[in-house]
>>> print(open('structure05.txt').read())   # compact mmCIF, C-alpha atoms
# COMPACT_ATOMS: atom_id res chain seq x y z
CA MET A 1 30.21 -11.64 -0.09
CA PRO A 2 32.90 -8.94 -0.36
CA ARG A 3 35.79 -9.12 2.11
CA LEU A 4 37.33 -5.67 2.43
CA ALA A 5 40.77 -5.05 3.85
CA GLY A 6 40.32 -1.29 4.07
CA VAL A 7 41.53 1.94 2.49
CA GLN A 8 45.23 2.88 2.69
CA SER A 9 46.94 5.88 1.07
CA GLY A 10 43.88 6.40 -1.09
CA LEU A 11 43.95 2.83 -2.47
CA LEU A 12 41.13 0.34 -1.99
CA TYR A 13 42.57 -3.19 -1.77
CA SER A 14 39.89 -5.84 -2.18
CA ASN A 15 39.63 -9.51 -2.88
CA LEU A 16 36.03 -9.44 -4.04
CA LEU A 17 35.17 -12.93 -5.23
CA CYS A 18 31.73 -12.03 -6.63
CA LEU A 19 30.49 -10.10 -9.64
CA ALA A 20 30.24 -6.40 -8.75
CA SER A 21 28.09 -3.91 -10.60
CA ILE A 22 29.49 -0.42 -10.21
CA ASN A 23 29.09 3.06 -11.56
CA THR A 24 32.06 5.15 -12.63
CA ASP A 25 31.02 7.55 -9.86
CA LEU A 26 33.02 6.09 -6.96
CA THR A 27 31.02 7.98 -4.36
CA GLN A 28 27.94 6.01 -5.41
CA PHE A 29 30.04 2.83 -5.50
CA SER A 30 31.04 3.52 -1.90
CA LYS A 31 27.39 3.92 -0.92
CA LEU A 32 26.51 0.63 -2.61
CA LEU A 33 29.30 -1.27 -0.89
CA CYS A 34 28.43 0.28 2.45
CA SER A 35 24.90 -1.10 2.11
CA LEU A 36 26.25 -4.68 2.04
CA PRO A 37 27.52 -6.75 4.99
CA VAL A 38 31.23 -6.03 5.34
CA TYR A 39 33.83 -8.15 7.14
CA SER A 40 36.84 -5.94 7.95
CA ARG A 41 40.10 -6.49 9.74
CA LYS A 42 42.12 -3.73 11.33
CA VAL A 43 45.58 -3.25 9.87
CA PRO A 44 48.00 -0.74 11.45
CA GLY A 45 48.07 2.48 9.49
CA GLU A 46 44.89 1.73 7.50
CA LEU A 47 41.92 4.05 7.37
CA PRO A 48 38.53 2.48 8.19
CA PHE A 49 36.53 1.27 5.19
CA ASN A 50 33.87 3.92 5.68
CA SER A 51 36.34 6.67 4.81
CA VAL A 52 34.91 8.87 2.08
CA LEU A 53 35.73 7.89 -1.48
CA THR A 54 35.61 10.68 -4.03
CA GLY A 55 35.64 10.73 -7.79
CA ARG A 56 39.41 11.33 -7.63
CA THR A 57 40.22 8.46 -5.29
CA PRO A 58 42.40 5.92 -7.17
CA VAL A 59 41.16 2.35 -6.80
CA LEU A 60 43.29 -0.75 -7.21
CA TYR A 61 41.44 -3.99 -7.94
CA THR A 62 43.08 -7.38 -7.50
CA THR A 63 43.07 -9.99 -10.23
CA TYR A 64 40.36 -11.87 -8.33
CA MET A 65 37.80 -9.16 -8.97
CA LEU A 66 35.56 -9.29 -12.03
CA VAL A 67 34.16 -5.87 -12.76
CA GLN A 68 31.18 -5.10 -14.97
CA THR A 69 30.11 -1.50 -15.44
CA LEU A 70 26.32 -1.18 -15.26
CA PRO A 71 23.90 1.56 -14.22
CA ASP A 72 23.94 2.01 -10.46
CA THR A 73 20.77 0.20 -9.40
CA MET A 74 20.75 1.59 -5.88
CA THR A 75 21.05 5.16 -7.10
CA LYS A 76 18.16 4.59 -9.51
CA LEU A 77 16.06 3.18 -6.68
CA THR A 78 16.63 6.33 -4.63
CA GLN A 79 15.58 8.43 -7.62
CA VAL A 80 12.29 6.56 -7.98
CA SER A 81 11.67 6.23 -4.24
CA ASP A 82 8.81 8.74 -4.01
CA ALA A 83 7.15 7.53 -7.22
CA THR A 84 4.73 5.28 -5.32
CA ALA A 85 4.02 7.74 -2.50
CA TYR A 86 0.37 7.89 -3.51
CA GLU A 87 0.05 4.16 -4.17
CA PRO A 88 -0.92 2.40 -0.91
CA ALA A 89 0.39 -1.10 -0.30
CA GLY A 90 -0.69 -2.14 3.19
CA ASP A 91 -3.43 -2.17 5.79
CA GLN A 92 -2.74 1.36 7.12
CA PRO A 93 -2.54 3.38 3.90
CA GLN A 94 -2.81 6.81 5.49
CA ASN A 95 0.38 6.15 7.42
CA GLU A 96 2.25 5.41 4.17
CA ARG A 97 1.37 8.53 2.25
CA ARG A 98 3.56 11.62 2.02
CA ARG A 99 1.46 14.66 1.15
CA ALA A 100 4.41 17.04 0.79
CA PRO A 101 6.81 16.49 -2.12
CA TYR A 102 10.38 15.84 -1.17
CA GLN A 103 13.71 15.10 -2.77
CA SER A 104 15.04 11.66 -2.00
CA GLN A 105 18.43 11.71 -0.31
CA SER A 106 19.16 8.14 0.69
CA LEU A 107 18.48 4.53 -0.02
CA ALA A 108 16.49 4.29 3.23
CA GLU A 109 13.79 6.50 1.68
CA CYS A 110 13.02 3.72 -0.81
CA ILE A 111 11.70 1.62 2.06
CA THR A 112 8.24 2.09 3.59
CA ASN A 113 7.10 0.41 6.79
CA VAL A 114 3.86 -1.26 5.73
CA SER A 115 1.23 -3.11 7.72
CA THR A 116 0.66 -6.34 5.78
CA PRO A 117 -1.18 -9.62 6.44
CA LYS A 118 2.26 -10.93 7.46
CA GLY A 119 2.77 -8.13 10.00
CA GLN A 120 4.58 -4.80 9.90
CA LEU A 121 7.33 -5.04 7.28
CA PRO A 122 9.86 -2.73 5.62
CA ILE A 123 8.72 -2.82 2.00
CA LEU A 124 10.58 -1.70 -1.10
CA LYS A 125 7.95 0.28 -3.05
CA THR A 126 9.15 0.91 -6.58
CA MET A 127 8.34 0.88 -10.29
CA LEU A 128 9.82 -0.96 -13.26
CA THR A 129 9.59 2.27 -15.21
CA THR A 130 8.34 5.79 -14.61
CA ALA A 131 7.80 6.19 -18.35
CA CYS A 132 4.23 5.73 -19.59
CA GLU A 133 2.35 5.90 -22.87
CA ARG A 134 -1.01 6.64 -21.19
CA ASN A 135 -2.12 10.22 -20.53
CA CYS A 136 -4.12 9.96 -17.27
CA TYR A 137 -5.00 13.53 -16.30
CA TYR A 138 -4.08 13.23 -12.62
CA CYS A 139 -0.88 11.19 -12.91
CA PRO A 140 2.70 12.51 -12.55
CA PHE A 141 3.90 9.81 -14.97
CA ARG A 142 1.52 10.69 -17.81
CA ALA A 143 2.93 10.78 -21.33
CA GLY A 144 4.48 14.09 -22.29
CA ARG A 145 5.04 15.46 -18.79
CA SER A 146 8.55 16.92 -18.92
CA LYS A 147 8.90 17.35 -15.15
CA THR A 148 8.94 13.58 -14.62
CA LYS A 149 12.36 11.95 -14.61
CA ARG A 150 12.02 8.73 -16.60
CA ILE A 151 13.80 5.80 -14.96
CA THR A 152 13.63 2.20 -16.19
CA PHE A 153 14.85 -1.09 -14.74
CA GLY A 154 15.27 -4.42 -16.48
CA PRO A 155 13.77 -7.43 -14.67
CA ASP A 156 17.21 -8.86 -13.85
CA GLU A 157 18.48 -5.51 -12.59
CA LEU A 158 15.53 -4.82 -10.31
CA ALA A 159 15.47 -8.38 -9.01
CA ARG A 160 19.18 -8.17 -8.20
CA GLY A 161 18.70 -4.83 -6.45
CA PHE A 162 15.84 -6.19 -4.35
CA ASP A 163 17.88 -9.25 -3.43
CA THR A 164 20.68 -6.96 -2.21
CA LEU A 165 18.26 -5.04 -0.01
CA GLN A 166 16.51 -8.17 1.20
CA SER A 167 19.68 -10.13 1.96
CA THR A 168 21.04 -7.22 4.03
CA GLY A 169 17.81 -6.90 6.00
CA GLN A 170 16.86 -3.49 4.61
CA ALA A 171 13.70 -4.72 2.87
CA GLN A 172 11.46 -7.64 3.77
CA GLY A 173 8.88 -7.25 1.07
CA LEU A 174 8.24 -5.80 -2.38
CA PHE A 175 5.53 -3.61 -3.86
CA LEU A 176 6.04 -3.38 -7.62
CA SER A 177 4.16 -1.08 -9.99
CA SER A 178 5.00 0.35 -13.40
CA GLY A 179 4.15 2.83 -16.09
CA ILE A 180 2.95 1.28 -19.34
CA ILE A 181 5.36 1.03 -22.26
CA LYS A 182 4.68 -1.03 -25.43
CA GLY A 183 1.27 -1.97 -24.09
CA SER A 184 -0.09 -3.52 -20.93
CA VAL A 185 0.72 -7.10 -21.90
CA THR A 186 4.42 -6.39 -22.49
CA THR A 187 4.66 -4.39 -19.28
CA GLN A 188 2.94 -7.09 -17.24
CA ASP A 189 5.32 -9.69 -18.68
CA LYS A 190 8.25 -7.68 -17.33
CA ILE A 191 6.64 -7.40 -13.90
CA ILE A 192 6.06 -11.16 -13.86
CA ASP A 193 9.61 -11.84 -15.08
CA THR A 194 11.02 -9.71 -12.26
CA VAL A 195 9.14 -11.58 -9.56
CA GLU A 196 9.88 -15.00 -11.08
CA ILE A 197 13.59 -14.17 -10.85
CA ILE A 198 13.16 -13.05 -7.23
CA ARG A 199 11.21 -16.17 -6.33
CA ASN A 200 13.21 -18.74 -8.30
CA ARG A 201 16.78 -17.50 -8.69
CA TYR A 202 16.99 -15.80 -5.30
CA SER A 203 14.63 -18.21 -3.48
CA TYR A 204 12.67 -15.37 -1.91
CA LEU A 205 9.53 -16.57 -0.12
CA GLY A 206 8.39 -13.31 1.50
CA TYR A 207 5.70 -10.73 0.85
CA VAL A 208 5.05 -9.47 -2.70
CA HIS A 209 2.35 -7.02 -3.84
CA LEU A 210 2.01 -6.54 -7.61
CA LYS A 211 0.21 -3.97 -9.72
CA ILE A 212 -1.98 -5.40 -12.48
CA MET A 213 -1.86 -3.45 -15.73
CA PRO A 214 -5.21 -2.63 -17.37
CA GLY A 215 -6.40 -5.14 -19.95
CA ILE A 216 -3.80 -7.89 -19.52
CA GLU A 217 -4.38 -11.51 -20.52
CA TYR A 218 -6.10 -14.13 -18.36
CA ASP A 219 -3.00 -16.32 -18.07
CA GLN A 220 -0.89 -13.31 -17.05
CA LEU A 221 -3.30 -12.52 -14.22
CA TYR A 222 -3.21 -16.15 -13.12
CA ARG A 223 0.60 -16.20 -13.05
CA ALA A 224 0.75 -12.90 -11.16
CA MET A 225 -1.68 -14.27 -8.57
CA GLN A 226 0.47 -17.38 -8.18
CA LEU A 227 3.59 -15.31 -7.52
CA ALA A 228 2.17 -12.56 -5.30
CA ASP A 229 0.43 -12.27 -1.94
CA ARG A 230 -1.66 -9.33 -3.14
CA VAL A 231 -2.44 -7.83 -6.54
CA SER A 232 -3.84 -4.35 -7.19
CA VAL A 233 -6.37 -3.67 -9.93
CA ASN A 234 -6.83 0.08 -9.64
CA LEU A 235 -10.27 1.12 -10.87
CA GLU A 236 -9.46 4.81 -10.13
CA ALA A 237 -13.15 5.83 -10.45
CA PRO A 238 -16.60 4.35 -9.71
CA THR A 239 -18.07 4.66 -13.23
CA GLN A 240 -16.94 4.95 -16.84
CA GLU A 241 -18.08 8.58 -16.90
CA ARG A 242 -15.88 9.47 -13.94
CA LEU A 243 -12.99 7.41 -15.30
CA SER A 244 -13.11 9.19 -18.66
CA ALA A 245 -12.66 12.48 -16.85
CA LEU A 246 -9.60 11.08 -15.04
CA ALA A 247 -8.02 8.73 -17.55
CA PRO A 248 -9.52 9.02 -21.05
CA LYS A 249 -7.64 6.05 -22.50
CA LYS A 250 -8.87 3.54 -19.90
CA ASP A 251 -11.88 1.26 -20.38
CA PHE A 252 -13.72 0.80 -17.06
CA MET A 253 -15.44 -2.49 -17.89
CA GLY A 254 -13.12 -4.05 -20.47
CA GLU A 255 -9.73 -3.22 -18.94
CA LEU A 256 -10.31 -2.82 -15.21
CA LEU A 257 -13.47 -4.34 -13.77
CA LYS A 258 -12.93 -7.45 -15.89
CA MET A 259 -9.59 -8.02 -14.12
CA LEU A 260 -11.37 -8.23 -10.74
CA GLN A 261 -14.00 -10.55 -12.20
CA TRP A 262 -11.27 -12.79 -13.61
CA ALA A 263 -9.41 -12.82 -10.30
CA GLU A 264 -12.47 -14.11 -8.45
CA ALA A 265 -13.07 -16.67 -11.22
CA LEU A 266 -9.47 -17.90 -10.88
CA ARG A 267 -9.85 -18.35 -7.13
CA ARG A 268 -12.96 -20.43 -7.73
CA GLU A 269 -11.33 -22.46 -10.51
CA HIS A 270 -8.32 -23.24 -8.29
CA PRO A 271 -9.75 -23.57 -4.77
CA TYR A 272 -6.78 -25.55 -3.44
CA GLU A 273 -4.14 -23.20 -4.81
CA LYS A 274 -2.92 -20.24 -2.79
CA LEU A 275 -3.64 -17.27 -5.03
CA ALA A 276 -3.15 -13.59 -4.27
CA ARG A 277 -5.94 -11.54 -2.76
CA THR A 278 -7.17 -8.54 -4.75
CA VAL A 279 -7.36 -4.87 -3.79
CA THR A 280 -8.33 -1.75 -5.70
CA GLN A 281 -7.79 1.99 -5.45
CA PHE A 282 -9.93 5.04 -6.18
CA VAL A 283 -8.79 8.60 -6.79
CA VAL A 284 -11.18 10.62 -4.64
CA GLY A 285 -12.52 14.09 -5.30
CA ALA A 286 -10.99 15.17 -8.60
CA VAL A 287 -13.94 14.79 -10.99
CA GLY A 288 -17.11 15.09 -8.92
CA ASP A 289 -17.32 11.51 -7.68
CA THR A 290 -19.55 11.06 -4.63
CA ASP A 291 -19.14 8.88 -1.56
CA LEU A 292 -22.36 7.10 -2.50
CA GLU A 293 -20.88 6.13 -5.88
CA LEU A 294 -17.59 4.97 -4.39
CA LEU A 295 -19.10 2.98 -1.52
CA SER A 296 -21.85 1.41 -3.65
CA LEU A 297 -19.21 -0.05 -5.96
CA SER A 298 -16.98 -1.03 -3.03
CA SER A 299 -19.85 -2.96 -1.45
CA ARG A 300 -20.51 -4.80 -4.69
CA LEU A 301 -16.83 -5.69 -5.02
CA TYR A 302 -16.70 -7.02 -1.44
CA GLN A 303 -19.79 -9.14 -1.92
CA GLN A 304 -19.40 -10.39 -5.48
CA MET A 305 -15.72 -10.27 -6.42
CA GLY A 306 -13.89 -11.25 -3.25
CA LEU A 307 -12.18 -7.88 -2.86
CA THR A 308 -9.90 -7.75 0.19
CA ARG A 309 -10.05 -3.98 0.52
CA ALA A 310 -10.58 -0.73 -1.32
CA TYR A 311 -8.09 2.13 -1.04
CA TYR A 312 -9.36 5.70 -1.21
CA SER A 313 -6.64 8.14 -2.21
CA GLY A 314 -7.65 11.76 -1.88
CA PHE A 315 -6.79 13.69 -5.00
CA SER A 316 -3.65 15.82 -4.81
CA PRO A 317 -2.94 18.07 -7.83
CA VAL A 318 0.25 17.56 -9.79
CA VAL A 319 1.91 20.42 -11.65
CA GLN A 320 1.95 20.11 -15.44
CA THR A 321 -1.14 17.89 -15.61
CA PRO A 322 -4.64 18.83 -16.86
CA LEU A 323 -5.98 18.73 -13.28
CA GLU A 324 -3.25 20.85 -11.72
CA ASP A 325 -5.71 23.62 -10.75
CA VAL A 326 -8.25 21.31 -9.10
CA PRO A 327 -8.12 21.73 -5.30
CA PRO A 328 -6.87 18.81 -3.21
CA THR A 329 -9.34 16.56 -1.42
CA ASP A 330 -9.82 17.05 2.30
CA PRO A 331 -7.95 14.21 4.06
CA LEU A 332 -10.91 13.86 6.41
CA ARG A 333 -13.09 12.76 3.50
CA GLU A 334 -10.61 9.99 2.76
CA HIS A 335 -10.75 8.95 6.43
CA ARG A 336 -14.57 8.84 6.49
CA LEU A 337 -14.59 6.68 3.35
CA TYR A 338 -12.33 4.15 5.04
CA GLN A 339 -14.55 4.08 8.11
CA ALA A 340 -17.66 3.51 6.01
CA SER A 341 -15.91 0.90 3.87
CA PHE A 342 -15.01 -1.14 6.96
CA LEU A 343 -18.65 -1.00 8.10
CA LEU A 344 -19.63 -2.55 4.76
CA ARG A 345 -16.86 -5.15 4.75
CA ASP A 346 -16.58 -6.16 8.41
CA TYR A 347 -19.76 -5.09 10.22
CA GLY A 348 -22.50 -6.36 7.94
CA TRP A 349 -23.79 -2.91 7.00
CA ARG A 350 -25.53 -2.18 3.70
CA VAL A 351 -24.95 0.92 1.63
CA GLU A 352 -28.53 1.95 2.42
CA ASP A 353 -27.64 2.07 6.13
CA LEU A 354 -24.97 4.72 5.72
CA PRO A 355 -26.03 8.29 6.59
CA PHE A 356 -25.41 10.11 3.30
CA MET A 357 -26.27 13.77 2.95
CA MET A 358 -28.37 15.14 0.09
CA ASP A 359 -25.31 15.56 -2.16
CA GLY A 360 -24.40 11.87 -1.87
CA ASN A 361 -21.47 12.44 0.47
CA LEU A 362 -20.87 11.50 4.09
CA GLU A 363 -20.87 14.02 6.88
CA LEU A 364 -17.31 15.02 7.79
CA GLU A 365 -17.93 16.16 11.36
CA LEU A 366 -18.96 12.71 12.66
CA ASP A 367 -17.77 9.25 11.73
CA PRO A 368 -20.51 7.38 9.82
CA LYS A 369 -21.24 4.89 12.59
CA ARG A 370 -21.78 7.59 15.16
CA ALA A 371 -23.79 9.73 12.73
CA TRP A 372 -26.13 6.75 12.23
CA ALA A 373 -26.33 6.16 15.99
CA GLU A 374 -27.26 9.79 16.61
CA LEU A 375 -30.22 9.37 14.27
CA HIS A 376 -31.38 5.94 15.43
CA LEU A 377 -30.05 5.04 18.88
CA ARG A 378 -29.94 8.26 20.82
CA SER A 379 -33.68 8.00 21.51
CA ALA A 380 -33.88 4.21 21.31
CA PRO A 381 -30.77 2.79 23.02
CA VAL A 382 -29.71 -0.85 22.65
CA GLU A 383 -30.05 -3.14 25.66
CA ILE A 384 -26.67 -4.80 26.04
CA MET A 385 -28.10 -7.85 27.83
CA THR A 386 -30.54 -8.77 25.04
CA ALA A 387 -29.19 -7.23 21.81
CA SER A 388 -28.23 -9.43 18.86
CA ARG A 389 -24.73 -9.37 17.44
CA GLU A 390 -25.97 -7.29 14.51
CA GLN A 391 -27.51 -4.75 16.92
CA LEU A 392 -24.34 -4.57 18.99
CA LEU A 393 -22.29 -3.84 15.87
CA ARG A 394 -24.37 -0.70 15.30
CA VAL A 395 -23.18 0.81 18.58
CA PRO A 396 -20.18 3.20 18.42
CA GLY A 397 -17.21 1.78 20.29
CA ILE A 398 -18.26 -1.86 19.83
CA GLY A 399 -16.61 -3.86 17.06
CA PRO A 400 -16.79 -7.52 16.03
CA VAL A 401 -14.42 -8.69 18.78
CA GLY A 402 -16.24 -6.65 21.41
CA ALA A 403 -19.65 -7.88 20.27
CA ASP A 404 -18.53 -11.50 20.53
CA ALA A 405 -17.08 -10.85 23.99
CA ILE A 406 -20.40 -9.37 25.17
CA LEU A 407 -22.38 -12.35 23.86
CA SER A 408 -20.04 -14.72 25.67
CA ALA A 409 -20.00 -12.72 28.93
CA ARG A 410 -23.81 -12.60 29.04
CA LEU A 411 -23.85 -16.37 29.47
CA ARG A 412 -21.86 -16.04 32.69
CA GLY A 413 -23.53 -13.08 34.35
CA ARG A 414 -25.05 -9.64 34.04
CA LEU A 415 -23.34 -6.58 32.57
CA THR A 416 -24.45 -3.61 34.63
CA GLU A 417 -21.77 -0.93 34.29
CA LEU A 418 -19.22 0.44 31.85
CA ALA A 419 -16.38 -1.09 33.85
CA HIS A 420 -17.73 -4.53 32.91
CA LEU A 421 -17.44 -3.63 29.24
CA ARG A 422 -13.91 -2.35 29.74
CA LYS A 423 -12.93 -5.71 31.25
CA LEU A 424 -14.07 -7.29 27.98
CA ASN A 425 -11.38 -5.26 26.17
CA ILE A 426 -13.87 -2.73 24.86
CA HIS A 427 -11.35 0.06 25.18
CA ALA A 428 -13.64 3.10 25.07
CA PRO A 429 -17.06 2.11 26.44
CA GLU A 430 -17.77 5.82 27.00
CA LYS A 431 -18.31 6.09 23.24
CA ALA A 432 -21.10 3.53 23.52
CA ALA A 433 -22.66 5.05 26.65
CA PRO A 434 -25.24 7.41 25.04
CA TYR A 435 -26.59 4.60 22.85
CA ILE A 436 -26.96 1.64 25.25
CA LEU A 437 -28.81 0.36 28.29
CA LEU A 438 -27.00 -1.75 30.87
CA ASP A 439 -29.44 -4.09 32.57
CA GLY A 440 -32.30 -1.73 31.77
CA HIS A 441 -30.59 1.48 32.82
CA ARG A 442 -28.83 4.30 31.02
CA THR A 443 -25.26 4.90 32.11
CA ALA A 444 -24.32 8.04 34.00
CA THR A 445 -21.34 8.80 31.73
CA GLN A 446 -21.86 11.47 29.12
CA MET A 447 -19.80 11.38 25.94
CA ASP A 448 -17.94 14.41 24.68
CA LEU A 449 -19.54 15.33 21.37
CA PHE A 450 -16.15 16.20 19.91
CA THR A 451 -14.32 12.93 20.67
>>> encode(input="structure05.txt", output="structure tokens")
Amino acid sequence: MPRLAGVQSGLLYSNLLCLASINTDLTQFSKLLCSLPVYSRKVPGELPFNSVLTGRTPVLYTTYMLVQTLPDTMTKLTQVSDATAYEPAGDQPQNERRRAPYQSQSLAECITNVSTPKGQLPILKTMLTTACERNCYYCPFRAGRSKTKRITFGPDELARGFDTLQSTGQAQGLFLSSGIIKGSVTTQDKIIDTVEIIRNRYSYLGYVHLKIMPGIEYDQLYRAMQLADRVSVNLEAPTQERLSALAPKKDFMGELLKMLQWAEALRREHPYEKLARTVTQFVVGAVGDTDLELLSLSSRLYQQMGLTRAYYSGFSPVVQTPLEDVPPTDPLREHRLYQASFLLRDYGWRVEDLPFMMDGNLELELDPKRAWAELHLRSAPVEIMTASREQLLRVPGIGPVGADAILSARLRGRLTELAHLRKLNIHAPEKAAPYILLDGHRTATQMDLFT
């Protein structure tokens, strides 16, 4: 680690004993050094180390310092920091997304607090390259878009940059995506190389989420799943017809869906090996896709391909793309899709149970569980003392944990009022009140229709 004696009369005296990668711009060099742990000693007459260095500040290096001039990795990371703003990485994707464009100003903006299976972590979300040979109509990185600044990292460079951030406590996980250059296989090799360096050379054991390029090889997918905790195979659309309208060069079955099929096959072939879980992402609302289409495919993926979760990213138009004049998707639609998706994944619902409107979309005014309850339970409430677990899970305000708590509590006594449900950690029993009976009686509490 660098040991810095300070800045005196405009000279930086250092006895750095490690290899330093610097840019000729000394202001950026100062920022890079300031991001590392620094051990300073006060010397009379010296300025503190955090004094501003400018491009005209003379720097004196001792003979112990080996200097190699390379691109400033940290500056490049700040430049690419908003590139994955629309690419969710954790369990609370709507908290990660920035809807308004912004200009990155600091290294801290490269880091996103992400809810992961390992807890809430500061994650470096970045890309190996923002260049791409594909021409997806919605994507800011599409080939030929002049407004996109093209930034590329080598595997060694990005791994070294991540290790710097991780060793200083600024990042505790990595989400790595990329544009496609020289084909998907070559690009995926570079992603894998980067993470192998991080895992092996830098002995990093923490959270890694990797993007899978369309149409890669079976062995590449296997290696990526060995290295990562999660891998993303982004389908983007629910059918080939919808995908062609979004990304004309992508093959829905051959390049994308096959990756999810292979991932499930790999987990079955290697049952005793810890392999990454799979997630996918859809672009919602740009090309006429319906909630019925999206949720029907999501249900199939949950049941047949071991999908951990589906992400629904409401379309947001990007200037200088073919879809720049398409209006953005209402964020509430995105929210309703997540609610319905969890009913399919965690509550045992079928697609046929969801209350779709005639156009194949969900109602926006009510969440799907409550919309179903209004149709089916308002006039035929569920008796809490006799209902099955499946019946309890249909009641708004009661989830899997609450349903299990009710079943257990019934063995010990009778549940006769909402306060009894609240004691079971059902936090808002008032939501359930219009749709249940407690020991044969309706509750007196009325629910606000707009909650």
>>> atom_distance(input="structure05.txt", atom1="atom CA of Gly161 of chain A", atom2="atom CA of Glu217 of chain A")
27.8 Å
>>> atom_distance(input="structure05.txt", atom1="atom CA of Gly154 of chain A", atom2="atom CA of Pro122 of chain A")
22.8 Å
>>> atom_distance(input="structure05.txt", atom1="atom CA of Val319 of chain A", atom2="atom CA of Gly285 of chain A")
17.0 Å
>>> residues_around(input="structure05.txt", residues="Phe141 of chain A", least_positions_apart="5", cutoff="8 Å", atoms="all atoms listed in the file", output="list in words")
Thr130, Ala131, Cys132, Thr148 and Gly179 of chain A
>>> write_last_selection(input="structure05.txt", atoms="C-alpha atoms", output="PDB file, in the frame of the given file")
ATOM      1  CA  THR A 130       8.340   5.790 -14.610  1.00  0.00           C
ATOM      2  CA  ALA A 131       7.800   6.190 -18.350  1.00  0.00           C
ATOM      3  CA  CYS A 132       4.230   5.730 -19.590  1.00  0.00           C
ATOM      4  CA  THR A 148       8.940  13.580 -14.620  1.00  0.00           C
ATOM      5  CA  GLY A 179       4.150   2.830 -16.090  1.00  0.00           C
TER       6      GLY A 179
END
>>> residues_near_point(input="structure05.txt", point="(14.3, -1.4, -3.9)", cutoff="6 Å", atoms="only C-alpha atoms", output="ChimeraX atom specification")
/A:77,124,162
>>> closest_atom_pairs(input="structure05.txt", of="segment 119-183 of chain A", to="segment 187-198 of chain A", cutoff="8 Å", atoms="all atoms listed in the file", output="CSV")
residue,atom,partner,partner_atom,distance
A:Leu128,CA,A:Ile191,CA,7.2
A:Gly154,CA,A:Lys190,CA,7.8
A:Pro155,CA,A:Thr194,CA,4.3
A:Asp156,CA,A:Thr194,CA,6.4
A:Leu158,CA,A:Thr194,CA,6.9
A:Ala159,CA,A:Ile198,CA,5.5
A:Arg160,CA,A:Ile198,CA,7.8
A:Phe162,CA,A:Ile198,CA,7.9
A:Asp163,CA,A:Ile198,CA,7.2
A:Leu176,CA,A:Ile191,CA,7.5
A:Ser177,CA,A:Ile191,CA,7.8
A:Ser178,CA,A:Thr187,CA,7.6
A:Gly179,CA,A:Thr187,CA,7.9
A:Ile180,CA,A:Thr187,CA,5.9
A:Ile181,CA,A:Thr187,CA,6.2
A:Lys182,CA,A:Thr187,CA,7.0
A:Gly183,CA,A:Thr187,CA,6.4
>>> residues_around(input="structure05.txt", residues="Ser296 of chain A", least_positions_apart="3", cutoff="9 Å", atoms="all atoms listed in the file", output="list of chain:residue names")
A:Pro238, A:Asp291, A:Leu292, A:Glu293, A:Ser299, A:Arg300, A:Leu301, A:Arg350, A:Val351
>>> residues_near_point(input="structure05.txt", point="(-28.0, -3.5, 35.3)", cutoff="7 Å", atoms="only C-alpha atoms", output="VMD selection string")
chain A and resid 414 to 417 438 to 441
>>> closest_residue(input="structure05.txt", among="A:Val284, A:Val279, A:Met385, A:Leu344", to="Arg410 of chain A", atoms="all atoms listed in the file")
A:Met385
>>> closest_atom_pairs(input="structure05.txt", of="segment 211-252 of chain A", to="segment 264-272 of chain A", cutoff="10 Å", atoms="all atoms listed in the file", output="CSV")
residue,atom,partner,partner_atom,distance
A:Tyr218,CA,A:Leu266,CA,9.0
A:Asp219,CA,A:Leu266,CA,9.8
A:Leu221,CA,A:Leu266,CA,8.8
A:Tyr222,CA,A:Leu266,CA,6.9
A:Met225,CA,A:Leu266,CA,8.9
>>> residues_around(input="structure05.txt", residues="segment 173-175 of chain A", least_positions_apart="6", cutoff="9 Å", atoms="only C-alpha atoms", output="compact mmCIF listing (two decimals) with C-alpha atoms, keeping the file's coordinate frame")
# COMPACT_ATOMS: atom_id res chain seq x y z
CA ALA A 89 0.39 -1.10 -0.30
CA LEU A 121 7.33 -5.04 7.28
CA PRO A 122 9.86 -2.73 5.62
CA ILE A 123 8.72 -2.82 2.00
CA LEU A 124 10.58 -1.70 -1.10
CA LYS A 125 7.95 0.28 -3.05
CA THR A 126 9.15 0.91 -6.58
CA MET A 127 8.34 0.88 -10.29
CA PHE A 162 15.84 -6.19 -4.35
CA GLN A 166 16.51 -8.17 1.20
CA GLY A 206 8.39 -13.31 1.50
CA TYR A 207 5.70 -10.73 0.85
CA VAL A 208 5.05 -9.47 -2.70
CA HIS A 209 2.35 -7.02 -3.84
CA LEU A 210 2.01 -6.54 -7.61
CA LYS A 211 0.21 -3.97 -9.72
